[in-house]
Structures are given as structure tokens and as C-alpha cells.
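What follows is the content of work-v4.pdb (PDB, C-alpha atoms).
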```
MODEL        1
ATOM      1  CA  MET S 246      45.128 -47.989  40.305  1.00  0.00           C
ATOM      2  CA  GLY S 247      45.378 -50.122  37.212  1.00  0.00           C
ATOM      3  CA  LEU S 248      43.287 -49.767  34.070  1.00  0.00           C
ATOM      4  CA  ALA S 249      40.849 -52.447  35.289  1.00  0.00           C
ATOM      5  CA  ASP S 250      40.078 -50.301  38.345  1.00  0.00           C
ATOM      6  CA  TYR S 251      38.540 -47.659  36.054  1.00  0.00           C
ATOM      7  CA  ALA S 252      36.175 -50.055  34.255  1.00  0.00           C
ATOM      8  CA  ASN S 253      32.468 -49.405  34.818  1.00  0.00           C
ATOM      9  CA  ARG S 254      33.137 -46.352  36.982  1.00  0.00           C
ATOM     10  CA  LYS S 255      32.105 -42.756  36.579  1.00  0.00           C
ATOM     11  CA  TYR S 256      35.067 -40.448  36.760  1.00  0.00           C
ATOM     12  CA  ASP S 257      35.846 -36.775  37.067  1.00  0.00           C
ATOM     13  CA  TYR S 258      38.320 -34.788  35.100  1.00  0.00           C
ATOM     14  CA  LEU S 259      41.305 -34.302  37.378  1.00  0.00           C
ATOM     15  CA  ALA S 260      41.395 -30.573  38.142  1.00  0.00           C
ATOM     16  CA  LEU S 261      43.614 -30.641  41.225  1.00  0.00           C
ATOM     17  CA  ARG S 262      46.915 -32.178  40.214  1.00  0.00           C
ATOM     18  CA  ASN S 263      49.693 -33.602  42.373  1.00  0.00           C
ATOM     19  CA  VAL S 264      47.572 -35.167  45.128  1.00  0.00           C
ATOM     20  CA  GLN S 265      49.825 -37.698  46.844  1.00  0.00           C
ATOM     21  CA  PRO S 266      48.863 -40.677  49.057  1.00  0.00           C
ATOM     22  CA  SER S 267      51.410 -39.499  51.636  1.00  0.00           C
ATOM     23  CA  GLY S 268      53.888 -36.697  52.171  1.00  0.00           C
ATOM     24  CA  GLU S 269      53.515 -33.111  51.093  1.00  0.00           C
ATOM     25  CA  ALA S 270      52.944 -31.822  47.583  1.00  0.00           C
ATOM     26  CA  ARG S 271      51.683 -28.539  46.234  1.00  0.00           C
ATOM     27  CA  LEU S 272      48.344 -28.855  44.463  1.00  0.00           C
ATOM     28  CA  GLY S 273      48.015 -27.343  41.043  1.00  0.00           C
ATOM     29  CA  LEU S 274      44.741 -26.343  39.383  1.00  0.00           C
ATOM     30  CA  GLU S 275      45.197 -27.547  35.811  1.00  0.00           C
ATOM     31  CA  LEU S 276      42.990 -29.552  33.472  1.00  0.00           C
ATOM     32  CA  PHE S 277      45.717 -30.104  30.857  1.00  0.00           C
ATOM     33  CA  ASN S 278      49.137 -28.804  29.917  1.00  0.00           C
ATOM     34  CA  GLU S 279      51.720 -29.029  27.145  1.00  0.00           C
ATOM     35  CA  ASN S 280      52.790 -32.501  28.349  1.00  0.00           C
ATOM     36  CA  ASP S 281      49.395 -34.220  28.531  1.00  0.00           C
ATOM     37  CA  SER S 282      45.820 -33.739  27.429  1.00  0.00           C
ATOM     38  CA  GLY S 283      44.317 -34.321  30.866  1.00  0.00           C
ATOM     39  CA  GLN S 284      43.785 -37.005  33.455  1.00  0.00           C
ATOM     40  CA  ILE S 285      40.837 -38.546  35.231  1.00  0.00           C
ATOM     41  CA  ALA S 286      40.169 -39.113  38.910  1.00  0.00           C
ATOM     42  CA  VAL S 287      38.386 -41.977  40.609  1.00  0.00           C
ATOM     43  CA  GLY S 288      38.425 -43.374  44.113  1.00  0.00           C
ATOM     44  CA  VAL S 289      39.623 -41.383  47.082  1.00  0.00           C
ATOM     45  CA  GLN S 290      41.310 -38.798  44.851  1.00  0.00           C
ATOM     46  CA  LYS S 291      37.943 -38.073  43.215  1.00  0.00           C
ATOM     47  CA  LEU S 292      36.404 -37.855  46.688  1.00  0.00           C
ATOM     48  CA  ALA S 293      39.069 -35.408  47.885  1.00  0.00           C
ATOM     49  CA  GLN S 294      38.464 -33.222  44.830  1.00  0.00           C
ATOM     50  CA  ARG S 295      34.673 -33.329  45.326  1.00  0.00           C
ATOM     51  CA  TRP S 296      35.030 -32.397  49.001  1.00  0.00           C
ATOM     52  CA  LEU S 297      37.460 -29.555  48.308  1.00  0.00           C
ATOM     53  CA  LEU S 298      35.277 -28.033  45.610  1.00  0.00           C
ATOM     54  CA  GLU S 299      32.181 -28.263  47.839  1.00  0.00           C
ATOM     55  CA  PHE S 300      34.027 -26.845  50.863  1.00  0.00           C
ATOM     56  CA  LEU S 301      35.500 -23.863  48.993  1.00  0.00           C
ATOM     57  CA  THR S 302      32.376 -22.980  46.972  1.00  0.00           C
ATOM     58  CA  ASP S 303      30.524 -20.033  48.477  1.00  0.00           C
ATOM     59  CA  ARG S 304      27.086 -21.144  49.657  1.00  0.00           C
ATOM     60  CA  GLY S 305      24.400 -19.712  47.379  1.00  0.00           C
ATOM     61  CA  SER S 306      26.788 -18.957  44.517  1.00  0.00           C
ATOM     62  CA  MET S 307      25.476 -21.773  42.280  1.00  0.00           C
ATOM     63  CA  LEU S 308      22.380 -20.692  40.377  1.00  0.00           C
ATOM     64  CA  GLY S 309      19.471 -22.981  41.238  1.00  0.00           C
ATOM     65  CA  LEU S 310      21.416 -24.778  44.003  1.00  0.00           C
ATOM     66  CA  PRO S 311      21.221 -22.388  46.982  1.00  0.00           C
ATOM     67  CA  SER S 312      22.223 -24.988  49.594  1.00  0.00           C
ATOM     68  CA  ARG S 313      25.399 -26.114  47.827  1.00  0.00           C
ATOM     69  CA  GLY S 314      28.753 -24.905  49.107  1.00  0.00           C
ATOM     70  CA  THR S 315      29.668 -23.540  52.520  1.00  0.00           C
ATOM     71  CA  ASN S 316      30.194 -20.219  54.274  1.00  0.00           C
ATOM     72  CA  PHE S 317      33.819 -20.992  55.138  1.00  0.00           C
ATOM     73  CA  ILE S 318      35.571 -18.513  52.824  1.00  0.00           C
ATOM     74  CA  LYS S 319      33.066 -15.758  53.588  1.00  0.00           C
ATOM     75  CA  ASN S 320      33.495 -16.305  57.333  1.00  0.00           C
ATOM     76  CA  MET S 321      37.289 -16.465  57.058  1.00  0.00           C
ATOM     77  CA  SER S 322      37.231 -13.173  55.153  1.00  0.00           C
ATOM     78  CA  SER S 323      35.234 -11.499  57.897  1.00  0.00           C
ATOM     79  CA  SER S 324      36.423 -10.729  61.386  1.00  0.00           C
ATOM     80  CA  ALA S 325      34.917 -14.022  62.601  1.00  0.00           C
ATOM     81  CA  ALA S 326      38.293 -15.795  62.647  1.00  0.00           C
ATOM     82  CA  ARG S 327      40.885 -14.356  65.004  1.00  0.00           C
ATOM     83  CA  ASN S 328      42.775 -17.433  66.268  1.00  0.00           C
ATOM     84  CA  SER S 329      43.102 -21.189  65.792  1.00  0.00           C
ATOM     85  CA  SER S 330      40.034 -21.898  67.933  1.00  0.00           C
ATOM     86  CA  ASP S 331      37.916 -19.647  65.712  1.00  0.00           C
ATOM     87  CA  VAL S 332      39.324 -21.278  62.570  1.00  0.00           C
ATOM     88  CA  ARG S 333      38.571 -24.758  63.937  1.00  0.00           C
ATOM     89  CA  ILE S 334      34.958 -23.792  64.730  1.00  0.00           C
ATOM     90  CA  LEU S 335      34.444 -22.270  61.266  1.00  0.00           C
ATOM     91  CA  PHE S 336      36.035 -25.329  59.667  1.00  0.00           C
ATOM     92  CA  ASP S 337      33.827 -27.749  61.606  1.00  0.00           C
ATOM     93  CA  LEU S 338      30.650 -25.860  60.674  1.00  0.00           C
ATOM     94  CA  ALA S 339      31.583 -25.725  56.996  1.00  0.00           C
ATOM     95  CA  ALA S 340      32.832 -29.336  56.904  1.00  0.00           C
ATOM     96  CA  PHE S 341      29.472 -30.446  58.294  1.00  0.00           C
ATOM     97  CA  ASP S 342      27.640 -28.548  55.520  1.00  0.00           C
ATOM     98  CA  ALA S 343      29.969 -29.989  52.874  1.00  0.00           C
ATOM     99  CA  ALA S 344      29.443 -33.520  54.220  1.00  0.00           C
ATOM    100  CA  VAL S 345      25.646 -33.153  54.148  1.00  0.00           C
ATOM    101  CA  ASN S 346      25.764 -31.914  50.545  1.00  0.00           C
ATOM    102  CA  LEU S 347      28.114 -34.663  49.362  1.00  0.00           C
ATOM    103  CA  ARG S 348      26.194 -37.440  51.113  1.00  0.00           C
ATOM    104  CA  ASP S 349      22.932 -36.146  49.602  1.00  0.00           C
ATOM    105  CA  GLU S 350      24.256 -36.867  46.106  1.00  0.00           C
ATOM    106  CA  GLU S 351      25.703 -40.303  46.976  1.00  0.00           C
ATOM    107  CA  ASP S 352      23.682 -43.508  46.710  1.00  0.00           C
ATOM    108  CA  ASP S 353      24.191 -47.283  46.948  1.00  0.00           C
ATOM    109  CA  THR S 354      25.600 -47.459  43.425  1.00  0.00           C
ATOM    110  CA  TRP S 355      28.637 -45.351  44.341  1.00  0.00           C
ATOM    111  CA  PRO S 356      31.894 -47.171  45.132  1.00  0.00           C
ATOM    112  CA  ALA S 357      32.852 -47.038  48.820  1.00  0.00           C
ATOM    113  CA  ASP S 358      36.170 -45.319  48.031  1.00  0.00           C
ATOM    114  CA  GLU S 359      34.229 -42.356  46.573  1.00  0.00           C
ATOM    115  CA  LYS S 360      31.809 -41.940  49.490  1.00  0.00           C
ATOM    116  CA  LEU S 361      32.692 -39.544  52.293  1.00  0.00           C
ATOM    117  CA  ALA S 362      33.284 -40.976  55.751  1.00  0.00           C
ATOM    118  CA  SER S 363      34.931 -37.902  57.283  1.00  0.00           C
ATOM    119  CA  ALA S 364      36.889 -34.722  56.743  1.00  0.00           C
ATOM    120  CA  ASN S 365      39.041 -33.867  59.741  1.00  0.00           C
ATOM    121  CA  LEU S 366      41.147 -30.793  60.335  1.00  0.00           C
ATOM    122  CA  THR S 367      44.483 -32.181  61.505  1.00  0.00           C
ATOM    123  CA  SER S 368      46.532 -28.981  61.748  1.00  0.00           C
ATOM    124  CA  ILE S 369      46.392 -25.212  61.442  1.00  0.00           C
ATOM    125  CA  ALA S 370      49.448 -23.102  60.583  1.00  0.00           C
ATOM    126  CA  PHE S 371      49.519 -19.326  60.423  1.00  0.00           C
ATOM    127  CA  ILE S 372      51.819 -17.647  57.926  1.00  0.00           C
ATOM    128  CA  PRO S 373      51.682 -14.002  56.809  1.00  0.00           C
ATOM    129  CA  GLY S 374      48.485 -13.520  54.821  1.00  0.00           C
ATOM    130  CA  TYR S 375      47.426 -17.171  55.025  1.00  0.00           C
ATOM    131  CA  VAL S 376      46.105 -19.877  57.258  1.00  0.00           C
ATOM    132  CA  ASN S 377      47.255 -23.303  56.081  1.00  0.00           C
ATOM    133  CA  LEU S 378      44.814 -26.057  56.936  1.00  0.00           C
ATOM    134  CA  ARG S 379      45.760 -29.724  56.707  1.00  0.00           C
ATOM    135  CA  VAL S 380      42.651 -31.839  56.171  1.00  0.00           C
ATOM    136  CA  GLU S 381      42.380 -35.616  56.142  1.00  0.00           C
ATOM    137  CA  ILE S 382      39.616 -36.817  53.794  1.00  0.00           C
ATOM    138  CA  ALA S 383      38.523 -40.424  54.440  1.00  0.00           C
ATOM    139  CA  SER S 384      36.250 -42.627  52.367  1.00  0.00           C
ATOM    140  CA  THR S 385      33.860 -45.269  53.658  1.00  0.00           C
ATOM    141  CA  ALA S 386      36.270 -47.843  52.181  1.00  0.00           C
ATOM    142  CA  GLY S 387      38.942 -46.683  54.626  1.00  0.00           C
ATOM    143  CA  ALA S 388      41.179 -44.951  52.063  1.00  0.00           C
ATOM    144  CA  SER S 389      42.237 -41.386  52.831  1.00  0.00           C
ATOM    145  CA  ARG S 390      44.083 -38.398  51.434  1.00  0.00           C
ATOM    146  CA  SER S 391      45.645 -35.495  53.257  1.00  0.00           C
ATOM    147  CA  ILE S 392      45.329 -32.109  51.577  1.00  0.00           C
ATOM    148  CA  ILE S 393      46.666 -28.681  52.518  1.00  0.00           C
ATOM    149  CA  LEU S 394      44.513 -25.613  51.953  1.00  0.00           C
ATOM    150  CA  PRO S 395      46.248 -22.224  51.946  1.00  0.00           C
ATOM    151  CA  ILE S 396      43.397 -19.859  52.834  1.00  0.00           C
ATOM    152  CA  SER S 397      44.087 -16.187  52.224  1.00  0.00           C
ATOM    153  CA  VAL S 398      43.174 -13.969  55.168  1.00  0.00           C
ATOM    154  CA  LEU S 399      43.301 -10.313  56.002  1.00  0.00           C
ATOM    155  CA  PRO S 400      46.296  -9.659  58.289  1.00  0.00           C
ATOM    156  CA  GLN S 401      44.223  -7.830  60.901  1.00  0.00           C
ATOM    157  CA  ASN S 402      41.791 -10.757  61.252  1.00  0.00           C
ATOM    158  CA  ILE S 403      44.239 -13.443  62.344  1.00  0.00           C
ATOM    159  CA  GLY S 404      46.691 -13.189  65.166  1.00  0.00           C
TER     160      GLY S 404
ENDMDL
END
```

Reformat the file's structure so that it appears as C-alpha cells.
Amino acid sequence: MGLADYANRKYDYLALRNVQPSGEARLGLELFNENDSGQIAVGVQKLAQRWLLEFLTDRGSMLGLPSRGTNFIKNMSSSAARNSSDVRILFDLAAFDAAVNLRDEEDDTWPADEKLASANLTSIAFIPGYVNLRVEIASTAGASRSIILPISVLPQNIG
């Protein structure tokens, strides 16, 4: 995006750095560092950040906003997830809740590249102590970003 693409838009502070349009990159949670004083996010990158924060926030953990967030992390931490089918079901339930919450705050004034069209789980990989989820976040403008979520799990719960 060029500077003109940011004009007359609301933006978020970029908290999740290193989101790439394609390929793999490790996300970093960092508002600023010794090399720069921070960056902003608009468009599909802002959407991906909004979705991720909503998806990973524990439902009921925000004072005064009991319906925000999802139960995904809580359910993954319990014995509810034992295999990829269980993970997919828990993902789909939580992604639905996240989508409802995000769409409730969107209106006609929002740019199409910041409105959620879908969040699809494209792959699940099990590694010791983690389940890596690859999620494709798509906007109503047709732009998308693929993100990888390393979800910590108890070894006895996943097999």
C-alpha cells in the first residue's frame, strides 16, 4: 500500500509483525523496537490482526463485554481435543463466534478489505506440545492472508 491508501482510513497499531502476503513467516508480537517507533495496519492485515485477537481472546475475559472472544483456547486446554477432527470442530465453533463478533462491529462505512468474509482452517500439524493451525483470513474485497497459530496443548490431550 502507498501513502494515499492510508488517507481517510482508521488504522490499528500493528501488534503482530511480519505478516506476509504469501509464504511462511514467524509472527512477532511487538508494538515498537530499537529500529522503529511502530507501524500501523490497514486493509487485510488489519483484518487478520482483528480476527486473531478475537479468536484467541477467552470469551468472558473482557470486563463489560461478556460475548467477546471465543472458547477455543479453553477447549484446547481441556481434554476436548484429542485428534485433528476434534481440533477442526473446536476451530469451526470458535471461528463462527469470532465472525459474529467481528461482523457486529462492522458497518457500511468500513472498507471492504477490512470486513471479514471468511476464516478457514487450511491445515493442522501436530508437533510436541503444540498444534499448528494454518488459517486463511479473507476480506469481502477478496484479499486474504494466511496465518499460522502455534497453539500450546497438554501432551496427553493430543495424539

May I have the residues within 7 Å of range 330-345 of chain S as a PyMOL selection string, using only C-alpha atoms and disregarding those fewer than 6 positions away in the same chain? chain S and resi 296+299-300+314-317+364

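Among the candidates S:Pro373, S:Asn365, S:Ser312, S:Arg295, the residue lying nearest to Ile393 in chain S is S:Asn365 (atoms considered: all atoms listed in the file).
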
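Checking S:Ser391, S:Ala326, S:Leu292, S:Leu347 one by one against Arg379 in chain S, counting only C-alpha atoms, you find the shortest gap at S:Ser391.
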
So how many Å separate CA of Val287 in chain S and CA of Leu366 in chain S, to one decimal? 22.8 Å

Run the PyMOL selection byres ((chain S and resi 293) around 12) against the file shown and list the residues it catches, as a ChimeraX atom specification. /S:257,259-262,264-266,272,286-292,294-300,343-344,347,358-365,380-384,388-394

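Here CA of Ser306 in chain S is placed at a distance of 11.5 Å from CA of Lys319 in chain S.
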
One decimal, Å: what's the distance from CA of Ala386 in chain S over to CA of Glu350 in chain S, could you say? 17.4 Å

Give me, as an MDAnalysis selection string, all polymer residues having an atom no more than 10 Å from Val398 in chain S, counting all atoms listed in the file and skipping those fewer than 6 positions away in the same chain. chainID S and resid 318 321:324 326 371:376
